[in-house]
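Heads up, target-v4.tsv below (TSV, C-alpha atoms and all ligand atoms):
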```
chain	number	residue	atom	x	y	z
F	1	MET	CA	11.34	-1.38	-55.66
F	2	LEU	CA	11.18	2.26	-54.69
F	3	VAL	CA	11.63	2.91	-50.95
F	4	THR	CA	12.15	6.02	-48.81
F	5	LEU	CA	15.41	7.25	-47.33
F	6	THR	CA	14.16	6.32	-43.88
F	7	GLU	CA	13.24	2.80	-44.99
F	8	ILE	CA	16.55	2.14	-46.73
F	9	LEU	CA	18.55	3.45	-43.76
F	10	LYS	CA	16.55	1.18	-41.45
F	11	LEU	CA	17.58	-1.78	-43.63
F	12	ALA	CA	21.22	-0.71	-43.28
F	13	GLN	CA	20.80	-0.16	-39.55
F	14	ASP	CA	19.28	-3.63	-39.05
F	15	ALA	CA	22.03	-5.28	-41.11
F	16	HIS	CA	24.84	-3.28	-39.40
F	17	CYS	CA	26.08	-2.16	-42.80
F	18	ALA	CA	25.99	0.92	-45.02
F	19	VAL	CA	24.09	1.56	-48.22
F	20	GLY	CA	25.95	3.18	-51.11
F	21	ALA	CA	24.58	6.40	-52.60
F	22	PHE	CA	25.73	6.86	-56.18
F	23	ASN	CA	25.37	10.10	-58.12
F	24	THR	CA	23.68	9.30	-61.41
F	25	PRO	CA	23.85	12.29	-63.76
F	26	THR	CA	24.09	9.94	-66.78
F	27	PHE	CA	22.31	6.82	-68.06
F	28	PRO	CA	25.43	4.63	-67.62
F	29	ALA	CA	25.63	5.67	-63.96
F	30	ILE	CA	21.97	4.75	-63.33
F	31	LYS	CA	22.35	1.41	-65.09
F	32	ALA	CA	25.68	0.61	-63.43
F	33	ALA	CA	24.44	1.34	-59.89
F	34	ILE	CA	21.25	-0.70	-60.28
F	35	ALA	CA	22.94	-3.62	-62.05
F	36	ALA	CA	25.62	-3.88	-59.36
F	37	ALA	CA	23.04	-3.71	-56.55
F	38	GLU	CA	20.85	-6.36	-58.19
F	39	LYS	CA	23.84	-8.63	-58.73
F	40	LEU	CA	24.78	-8.41	-55.04
F	41	HIS	CA	21.17	-8.30	-53.77
F	42	VAL	CA	21.82	-5.13	-51.78
F	43	PRO	CA	19.78	-1.90	-51.46
F	44	VAL	CA	21.09	1.18	-53.26
F	45	ILE	CA	20.51	4.94	-53.35
F	46	LEU	CA	20.46	6.80	-56.66
F	47	ALA	CA	21.34	10.45	-56.09
F	48	HIS	CA	20.94	13.61	-58.12
F	49	ALA	CA	22.98	16.60	-56.94
F	50	GLU	CA	21.56	20.08	-57.42
F	51	THR	CA	24.90	21.09	-58.95
F	52	HIS	CA	24.33	18.59	-61.79
F	53	GLU	CA	21.17	20.45	-62.83
F	54	LYS	CA	22.95	22.49	-65.48
F	55	GLY	CA	23.83	19.51	-67.69
F	56	THR	CA	21.28	17.01	-66.38
F	57	PRO	CA	17.96	18.67	-65.50
F	58	ILE	CA	16.09	16.90	-62.72
F	59	ASP	CA	12.84	16.90	-64.67
F	60	MET	CA	14.58	14.79	-67.34
F	61	ILE	CA	16.68	12.43	-65.22
F	62	GLY	CA	14.38	12.23	-62.16
F	63	PRO	CA	11.56	10.27	-63.81
F	64	VAL	CA	14.12	7.84	-65.31
F	65	MET	CA	15.74	7.30	-61.88
F	66	LEU	CA	12.32	6.70	-60.33
F	67	ARG	CA	11.19	4.29	-63.03
F	68	GLU	CA	14.39	2.27	-62.78
F	69	ALA	CA	14.02	2.22	-58.98
F	70	GLU	CA	10.46	0.90	-59.26
F	71	LYS	CA	11.56	-1.81	-61.71
F	72	ALA	CA	14.56	-2.92	-59.64
F	73	THR	CA	14.54	-6.22	-57.76
F	74	VAL	CA	16.25	-4.57	-54.74
F	75	PRO	CA	15.15	-1.63	-52.56
F	76	VAL	CA	16.15	1.67	-54.20
F	77	CYS	CA	15.84	5.19	-52.78
F	78	VAL	CA	15.85	8.13	-55.19
F	79	HIS	CA	17.56	10.93	-53.34
F	80	LEU	CA	18.34	14.60	-53.86
F	81	ASP	CA	21.97	15.27	-52.99
F	82	HIS	CA	23.41	18.57	-51.68
F	83	CYS	CA	20.33	20.72	-52.16
F	84	ALA	CA	20.90	24.34	-51.16
F	85	HIS	CA	17.52	25.74	-52.23
F	86	LEU	CA	14.19	24.69	-50.76
F	87	ASP	CA	12.30	25.45	-53.99
F	88	TYR	CA	14.60	22.97	-55.76
F	89	MET	CA	13.88	20.42	-53.05
F	90	LYS	CA	10.16	20.93	-53.59
F	91	LYS	CA	10.65	20.33	-57.30
F	92	ALA	CA	12.41	17.01	-56.55
F	93	LEU	CA	9.72	15.95	-54.08
F	94	ASP	CA	6.98	16.84	-56.58
F	95	ILE	CA	8.71	14.58	-59.13
F	96	GLY	CA	8.64	11.77	-56.57
F	97	PHE	CA	12.06	11.71	-54.91
F	98	THR	CA	11.92	9.69	-51.68
F	99	GLY	CA	14.85	11.34	-49.91
F	100	ALA	CA	16.56	14.72	-49.91
F	101	MET	CA	19.66	16.26	-48.42
F	102	TYR	CA	19.40	19.87	-47.42
F	103	ASP	CA	22.93	21.25	-47.30
F	104	GLY	CA	23.26	24.40	-45.25
F	105	SER	CA	26.73	23.48	-44.04
F	106	LEU	CA	28.27	26.67	-45.43
F	107	LEU	CA	25.74	28.82	-43.59
F	108	PRO	CA	26.06	30.06	-40.01
F	109	TYR	CA	24.71	27.45	-37.55
F	110	GLU	CA	21.43	29.26	-36.80
F	111	GLU	CA	20.62	29.70	-40.48
F	112	ASN	CA	21.46	26.06	-41.24
F	113	LEU	CA	19.20	25.04	-38.35
F	114	ALA	CA	16.30	27.23	-39.51
F	115	ASN	CA	16.51	26.12	-43.15
F	116	THR	CA	16.93	22.43	-42.27
F	117	THR	CA	13.83	22.66	-40.06
F	118	LYS	CA	11.94	24.10	-43.05
F	119	ALA	CA	13.25	21.24	-45.23
F	120	VAL	CA	11.96	18.65	-42.75
F	121	GLU	CA	8.57	20.40	-42.65
F	122	LEU	CA	8.45	20.43	-46.47
F	123	ALA	CA	9.39	16.75	-46.77
F	124	SER	CA	6.78	15.78	-44.18
F	125	HIS	CA	4.11	16.51	-46.80
F	126	TYR	CA	5.66	13.85	-49.03
F	127	ARG	CA	6.83	10.29	-48.45
F	128	ALA	CA	10.44	11.40	-48.06
F	129	GLY	CA	13.22	11.49	-45.49
F	130	VAL	CA	15.69	14.32	-44.93
F	131	GLU	CA	19.46	14.27	-44.49
F	132	ALA	CA	21.33	17.37	-43.37
F	133	GLU	CA	24.94	18.35	-42.95
F	134	LEU	CA	26.68	19.95	-40.02
F	135	GLY	CA	30.29	21.13	-40.29
F	136	ALA	CA	31.79	21.94	-43.68
F	137	MET	CA	33.94	19.70	-45.87
F	138	PRO	CA	36.60	21.04	-48.22
F	139	SER	CA	35.45	21.05	-51.89
F	140	ARG	CA	32.20	19.67	-53.22
F	141	GLU	CA	30.80	17.74	-56.18
F	142	ASP	CA	30.92	20.89	-58.29
F	143	GLY	CA	34.59	21.45	-57.40
F	144	VAL	CA	33.82	24.45	-55.17
F	145	HIS	CA	36.81	24.62	-52.88
F	146	ILE	CA	36.44	25.64	-49.28
F	147	PRO	CA	39.95	26.72	-48.33
F	148	THR	CA	39.60	26.46	-44.59
F	149	GLY	CA	39.80	22.65	-44.54
F	150	PRO	CA	37.41	20.33	-42.73
F	151	VAL	CA	35.59	21.60	-39.66
F	152	TYR	CA	35.01	18.60	-37.40
F	153	THR	CA	31.43	18.43	-36.15
F	154	LYS	CA	30.99	18.96	-32.43
F	155	PRO	CA	28.97	16.09	-30.86
F	156	GLU	CA	26.90	18.30	-28.54
F	157	GLU	CA	26.02	20.62	-31.41
F	158	ALA	CA	25.03	17.57	-33.49
F	159	VAL	CA	22.69	16.33	-30.75
F	160	ALA	CA	20.93	19.71	-30.49
F	161	PHE	CA	20.77	20.07	-34.29
F	162	CYS	CA	19.20	16.63	-34.80
F	163	ARG	CA	16.70	17.11	-31.98
F	164	GLU	CA	15.60	20.59	-33.07
F	165	THR	CA	15.34	19.87	-36.81
F	166	GLY	CA	13.86	16.35	-36.71
F	167	ILE	CA	16.08	15.09	-39.55
F	168	ASN	CA	16.28	11.39	-40.44
F	169	ALA	CA	20.04	11.21	-41.12
F	170	LEU	CA	23.05	13.37	-40.37
F	171	ALA	CA	26.18	13.97	-42.44
F	172	PRO	CA	28.79	15.06	-39.90
F	173	SER	CA	32.17	16.39	-40.89
F	174	PHE	CA	34.91	14.04	-39.69
F	175	GLY	CA	37.75	14.62	-42.12
F	176	THR	CA	36.52	13.47	-45.54
F	177	ALA	CA	36.51	15.67	-48.64
F	178	HIS	CA	34.80	15.38	-52.00
F	179	GLY	CA	36.62	14.46	-55.19
F	180	ILE	CA	40.01	12.82	-55.53
F	181	TYR	CA	42.22	13.14	-52.47
F	182	LYS	CA	45.47	14.96	-53.09
F	183	SER	CA	46.83	13.76	-49.76
F	184	LYS	CA	45.61	11.04	-47.44
F	185	PRO	CA	42.59	12.26	-45.45
F	186	VAL	CA	42.78	12.24	-41.66
F	187	LEU	CA	39.49	10.64	-40.63
F	188	ASP	CA	38.22	10.85	-37.08
F	189	LEU	CA	36.23	7.62	-36.97
F	190	GLU	CA	35.96	7.76	-33.19
F	191	LEU	CA	34.03	11.01	-33.68
F	192	VAL	CA	31.61	9.03	-35.90
F	193	ARG	CA	31.03	6.55	-33.08
F	194	VAL	CA	30.41	9.32	-30.54
F	195	ILE	CA	28.00	11.26	-32.78
F	196	ALA	CA	26.10	8.09	-33.79
F	197	GLU	CA	25.71	7.09	-30.17
F	198	LYS	CA	24.69	10.54	-28.94
F	199	THR	CA	22.24	11.35	-31.76
F	200	GLY	CA	20.89	7.82	-32.30
F	201	LEU	CA	20.62	8.64	-36.01
F	202	PRO	CA	22.09	6.91	-39.07
F	203	LEU	CA	25.18	8.84	-40.18
F	204	VAL	CA	26.26	9.67	-43.71
F	205	MET	CA	29.75	9.77	-45.16
F	206	HIS	CA	30.36	12.22	-47.97
F	207	GLY	CA	33.57	12.09	-49.95
F	208	GLY	CA	33.48	8.28	-49.79
F	209	SER	CA	35.69	7.73	-52.83
F	210	GLY	CA	39.30	6.89	-52.10
F	211	VAL	CA	38.87	5.83	-48.48
F	212	SER	CA	40.53	2.49	-47.61
F	213	PRO	CA	38.33	-0.61	-47.10
F	214	ASP	CA	39.49	-0.83	-43.48
F	215	GLU	CA	38.45	2.78	-42.84
F	216	TYR	CA	35.05	2.05	-44.38
F	217	ARG	CA	34.65	-1.01	-42.17
F	218	THR	CA	35.55	0.89	-39.00
F	219	GLY	CA	33.29	3.78	-40.00
F	220	ILE	CA	30.39	1.40	-40.63
F	221	LYS	CA	31.00	-0.39	-37.33
F	222	ASN	CA	30.89	3.05	-35.68
F	223	GLY	CA	27.57	4.11	-37.25
F	224	LEU	CA	27.91	5.12	-40.91
F	225	ARG	CA	24.78	3.90	-42.71
F	226	LYS	CA	24.96	5.80	-46.01
F	227	ILE	CA	28.15	6.30	-47.98
F	228	ASN	CA	28.16	8.78	-50.85
F	229	TYR	CA	30.30	7.41	-53.63
F	230	HIS	CA	30.71	9.15	-56.95
F	231	THR	CA	34.16	10.22	-58.06
F	232	TYR	CA	35.86	6.84	-58.48
F	233	MET	CA	32.90	5.22	-60.25
F	234	SER	CA	32.72	8.14	-62.65
F	235	HIS	CA	36.47	8.06	-63.19
F	236	ALA	CA	36.34	4.33	-63.96
F	237	GLY	CA	33.98	5.21	-66.81
F	238	VAL	CA	36.32	7.91	-68.07
F	239	GLU	CA	39.27	5.47	-68.06
F	240	ALA	CA	37.27	2.94	-70.10
F	241	VAL	CA	36.45	5.66	-72.63
F	242	ARG	CA	40.09	6.74	-72.78
F	243	LYS	CA	41.20	3.16	-73.50
F	244	LEU	CA	38.61	2.80	-76.25
F	245	LEU	CA	39.71	6.05	-77.90
F	246	GLU	CA	43.34	4.88	-77.79
F	247	THR	CA	42.48	1.70	-79.67
F	248	ARG	CA	40.31	3.15	-82.44
F	249	ASP	CA	38.54	6.17	-83.81
F	250	VAL	CA	34.98	6.52	-82.51
F	251	THR	CA	32.27	8.43	-84.36
F	252	TYR	CA	29.22	7.92	-82.17
F	253	LEU	CA	28.91	9.42	-78.71
F	254	HIS	CA	26.72	6.59	-77.44
F	255	GLU	CA	29.60	4.17	-77.99
F	256	LEU	CA	31.50	6.07	-75.30
F	257	SER	CA	28.59	5.76	-72.88
F	258	TRP	CA	28.32	2.08	-73.60
F	259	ALA	CA	32.05	1.57	-73.06
F	260	ALA	CA	31.92	3.41	-69.74
F	261	GLU	CA	29.06	1.41	-68.26
F	262	PRO	CA	30.70	-1.99	-67.51
F	263	ALA	CA	33.70	-0.27	-65.89
F	264	MET	CA	31.39	1.86	-63.75
F	265	GLU	CA	29.38	-1.21	-62.77
F	266	ALA	CA	32.53	-3.09	-61.72
F	267	ASP	CA	33.68	-0.14	-59.62
F	268	ALA	CA	30.24	0.30	-58.00
F	269	GLU	CA	30.10	-3.43	-57.27
F	270	ALA	CA	33.48	-3.38	-55.51
F	271	ALA	CA	32.35	-0.43	-53.38
F	272	MET	CA	29.01	-2.06	-52.53
F	273	ARG	CA	30.76	-5.25	-51.41
F	274	VAL	CA	32.70	-3.28	-48.82
F	275	PHE	CA	29.67	-1.22	-47.71
F	276	ALA	CA	27.55	-4.37	-47.34
F	277	GLY	CA	30.30	-6.32	-45.56
F	278	LEU	CA	30.46	-8.93	-48.34
F	279	HIS	CA	33.63	-10.79	-49.25
F	280	GLN	CA	35.72	-9.35	-52.06
F	301	ZN	ZN	28.53	15.11	-50.72
```
Let me see the file written as structure tokens.
Amino acid sequence: MLVTLTEILKLAQDAHCAVGAFNTPTFPAIKAAIAAAEKLHVPVILAHAETHEKGTPIDMIGPVMLREAEKATVPVCVHLDHCAHLDYMKKALDIGFTGAMYDGSLLPYEENLANTTKAVELASHYRAGVEAELGAMPSREDGVHIPTGPVYTKPEEAVAFCRETGINALAPSFGTAHGIYKSKPVLDLELVRVIAEKTGLPLVMHGGSGVSPDEYRTGIKNGLRKINYHTYMSHAGVEAVRKLLETRDVTYLHELSWAAEPAMEADAEAAMRVFAGLHQ
């Protein structure tokens, strides 16, 4: 069933676990995320990043995400990920998205604050919750590299930012990066605990691929309620396609999609087990 970002984060809060947010710019990703969640009976967030617009327009994929969410036997939030433009957020909300992340983390603090406040005001006219980011992470879903490295979010700044904007969830910067890690990330999970306690809000982990299960568990214990997970699931699909192409010649593109899906589902399921605190 379709639920809002606020509702799904409340479920995670009550269960002391985190809900996985999976980017779904393809049909196999949508199917894999929902199938894994239904198998484990856990809530799930389907996410569309603004940077995926070029190849996967939101007006094509959005209605499919929403329909699959409505049909699902578990709570599903359909969420806009890393939105940098408020007119794009409005487009998503008009389509029916139930959550949106406004990402002004690359902007100066005051500008991020002003735009995030506008995003919350916009979303208040819809049945949707807003996530925002404070402190920048190196590299993003589109591979944009921010050379300065992670800027760890300051707790006092986070408290003021959450209070003034009225957001429903905060993505602080505590050492994660998007994509595949080239070296082991240095996560400050104590900072997560402090920010969660001081803001009282559910916290979001971006760059969730490639973090160890123990780090996830500690992060969740300390207040992470939404974990963005994309790279490893997508890569599992690519590996399945590679194996298929090594065994035989393939003519039809859909065969590649179909080969990717079970591998993506297995990867999503393994991640969801950790996020939900289920046994492996
Ligand atoms: Zn992200």
For region 265-278 of chain F: contacts at 7 Å, only C-alpha atoms, fewer than 3 positions along chain excluded, given as a PyMOL selection string = chain F and resi 17-20+32-33+35-36+213+233+236+261-262
inquiry  = Any residue with an atom at most 10 Å from ligand ZN 301 (chain F) counts, using all atoms listed in the file. Which are they? Put them as a count of residues only.
reply    = 27
Box time for region 25-44 of chain F: axis-aligned, enclosing all its listed atoms, 5 Å extra on each side; report centre and edge lengths in Å to one decimal, as AutoDock Vina command-line options.
```
--center_x 22.7 --center_y 1.8 --center_z -59.8 --size_x 15.9 --size_y 30.9 --size_z 26.6
```
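Of the residues listed (F:Asp87, F:Glu190, F:Glu7, F:Asp249), F:Glu190 shows the shortest atom-to-atom separation from Thr218 (chain F); distances use only C-alpha atoms.
Take the candidates F:Ala72, F:Leu93, F:Ile167, F:Leu134 and check each one against Val151 (chain F) using all atoms listed in the file; the shortest distance goes to F:Leu134.
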note = Here CA of Thr4 (chain F) and CA of Asn168 (chain F) stand apart by 10.8 Å
inquiry  = Can you tell me which residues surround Gly166 (chain F) at a distance of at most 7 Å, considering all atoms listed in the file, apart from same-chain residues fewer than 3 positions away, and format the answer as an NGL selection string?
reply    = :F and (120 or 162-163)
Any chance you can output those residues with C-alpha atoms as a PDB file, in the coordinates of the input?
```
ATOM      1  CA  VAL F 120      11.960  18.650 -42.750  1.00  0.00           C
ATOM      2  CA  CYS F 162      19.200  16.630 -34.800  1.00  0.00           C
ATOM      3  CA  ARG F 163      16.700  17.110 -31.980  1.00  0.00           C
TER       4      ARG F 163
END
```
Using 9 Å as the limit and counting all atoms listed in the file, can you tabulate each residue of region 7-51 of chain F that touches region 193-203 of chain F, with its shortest atom-to-atom distance in Å and the two atoms involved, as JSON lines?
```
{"residue": "F:Leu9", "atom": "CA", "partner": "F:Pro202", "partner_atom": "CA", "distance": 6.8}
{"residue": "F:Lys10", "atom": "CA", "partner": "F:Pro202", "partner_atom": "CA", "distance": 8.3}
{"residue": "F:Ala12", "atom": "CA", "partner": "F:Pro202", "partner_atom": "CA", "distance": 8.7}
{"residue": "F:Gln13", "atom": "CA", "partner": "F:Pro202", "partner_atom": "CA", "distance": 7.2}
```
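Proximity of F:Met264, F:Val74, F:Met1, F:Val64 to Val42 (chain F), computed with all atoms listed in the file, is greatest for F:Val74.
Distance check against Ser173 (chain F) using only C-alpha atoms: of F:Ile34, F:Ala160, F:Ile8, F:Leu189, the minimum falls on F:Leu189.
Considering the residues F:Leu40, F:Val238, F:Val3, F:Leu107 and counting only C-alpha atoms, Leu66 (chain F) has its shortest atom-to-atom contact with F:Val3.
When all atoms listed in the file are used to measure the gap to His48 (chain F), the shortest distance among F:Val241, F:Leu2, F:Met65, F:Leu191 belongs to F:Met65.
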